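**Q** The structure is given below, and queries will be raised subsequently.
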Amino acid sequence: MKISQFLSCIKTPLILVCVILIFFTFFSFFIIDEIVLTEESSLLTFLFIDILYQLDLRMEDNVALWFVSLIILICGFALFILGWKEMKLPVDNLQKFILKIISIYFLFLSMNKVIPLQENIWNRITAKIFENAILYYSGIFWSNIYFTLKIIFFVFLIITFRKLLVHINSKKIKAKIYFLIFSGAFPLIILLKAFEIQLIMNGYPQTILSCFIEFLGLTAFMSLLLFLNFIIGYYELPETGGSVT
């Protein structure tokens, strides 16, 4: 079985799970505050709350977070495949090498979703260098570096994907849709997060923007996976321009 065929087999159940998680994230936002747990609450009520927690993309250390981590991991694997020399992509070896670097970053990003690697690694480094009094500010510095890397990798992917799209002659519209969703979601997430921070600073700790941010994040990664599946399938063909699902 080819890699693209494997990705095609799993994409439908992955999309279905994405829809379920997005639904329960919004559902949890509207209903969770209406449920008051007391000692007299039934076992079914506690079970219902636990299910909502596990399927809420906004929560930490739950099933939803592990699923997002899995999606990111598969995207990283697909990016690494694109960096193989055997893939006859219309890009140079340096671009392929950077694709492999980004695939490693996606591995880190996937692990960071379930394990706070970013904070742990940086805190260990700064604990050896800085005094505790300025540890907080060094953390801000690391966050800025991490955010800058995200921007650089995102821009590189957009440039590389645009170049790949130019060379695709068949079923280009489907690939373009995946590409546009991925490229449009990331800047929109930044804008919504900035707006959400302003609302929190003005005394609105719970806003529905958090649901939309998680929705856009999951949609972006899933669109990236579908796009990578398309690209891998296209360039796995003996001759470009053949049938790609």
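Going through the structure tokens in order, the chains are called A, B, and so on, while each chain numbers its residues from 1 and the ligands are numbered from 1 in the order shown.
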Any chance you could tabulate, as a Markdown table, the residues of stretch 70-119 of chain A at most 10 Å from stretch 149-167 of chain A with each one's nearest atom pair and distance in Å to one decimal, using only C-alpha atoms, in chain and rising number order?
**A**
```
| residue | atom | partner | partner_atom | distance |
| --- | --- | --- | --- | --- |
| A:Leu79 | CA | A:Leu157 | CA | 9.8 |
| A:Leu89 | CA | A:Leu164 | CA | 7.4 |
| A:Pro90 | CA | A:Leu164 | CA | 6.7 |
| A:Val91 | CA | A:Thr160 | CA | 7.8 |
| A:Gln95 | CA | A:Thr160 | CA | 7.7 |
| A:Lys96 | CA | A:Thr160 | CA | 9.5 |
| A:Ile98 | CA | A:Phe156 | CA | 8.6 |
| A:Leu99 | CA | A:Leu157 | CA | 8.1 |
| A:Ile101 | CA | A:Phe153 | CA | 9.3 |
| A:Ile102 | CA | A:Phe153 | CA | 6.7 |
| A:Tyr105 | CA | A:Phe153 | CA | 9.0 |
```
**Q** Could those selected residues go to a file with C-alpha atoms, as a PDB file, in the first residue's frame?
**A**
```
ATOM      1  CA  LEU A  79       6.153  16.478   5.439  1.00  0.00           C
ATOM      2  CA  LEU A  89       9.135  17.348  -6.393  1.00  0.00           C
ATOM      3  CA  PRO A  90       9.866  20.492  -8.449  1.00  0.00           C
ATOM      4  CA  VAL A  91      11.926  21.909  -5.556  1.00  0.00           C
ATOM      5  CA  GLN A  95      13.852  23.055   0.216  1.00  0.00           C
ATOM      6  CA  LYS A  96      13.505  19.309   0.758  1.00  0.00           C
ATOM      7  CA  ILE A  98      13.939  22.355   5.225  1.00  0.00           C
ATOM      8  CA  LEU A  99      10.790  20.261   4.824  1.00  0.00           C
ATOM      9  CA  ILE A 101      13.427  20.227   9.527  1.00  0.00           C
ATOM     10  CA  ILE A 102       9.816  21.373   9.674  1.00  0.00           C
ATOM     11  CA  TYR A 105       9.314  20.706  14.408  1.00  0.00           C
TER      12      TYR A 105
END
```
**Q** Could you name the residues that touch A:Thr25 at 9 Å or less, counting only C-alpha atoms, but leaving out those on the same chain fewer than 6 positions away, as a PyMOL selection string?
**A** chain A and resi 52-53+55-58+211+214-215
**Q** Which residue out of A:Leu70, A:Leu7, A:Met59, A:Ile32 has the minimum interatomic distance to A:Ile232 when only C-alpha atoms are used?
**A**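 Closest to A:Ile232, using only C-alpha atoms: A:Leu7.
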**Q** Within 12 Å of A:Leu107, counting only C-alpha atoms, which residues qualify if same-chain residues fewer than 2 places away don't, as a ChimeraX atom specification?
**A** /A:69-80,100-105,109-115,117
**Q** Suppose you want the space between atom CA of A:Leu209 and atom CA of A:Phe46; what is it in Å?
**A**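 Separation of atom CA of A:Leu209 and atom CA of A:Phe46: 26.3 Å.
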**Q** With only C-alpha atoms as the atoms that count, which of A:Val19, A:Leu226, A:Ile10, A:Ile213 lies nearest to A:Ile177?
**A**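 Distance minimum relative to A:Ile177 lands on A:Leu226.
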**Q** List every residue of stretch 4-232 of chain A that DSSP, applied to the backbone, labels as helix (DSSP H, G or I), and write the result as a ChimeraX atom specification.
**A** /A:4-34,43-54,63-82,93-114,117-129,132-166,172-201,209-232
**Q** What is the distance between atom CA of A:Leu216 and atom CA of A:Ala185, in Å to one decimal?
**A**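 So the answer is 5.8 Å.
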**Q** Calculate how many Å separate atom CA of A:Leu218 from atom CA of A:Lys11, rounding to one decimal.
**A**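 Between these atoms lies a distance of 13.6 Å.
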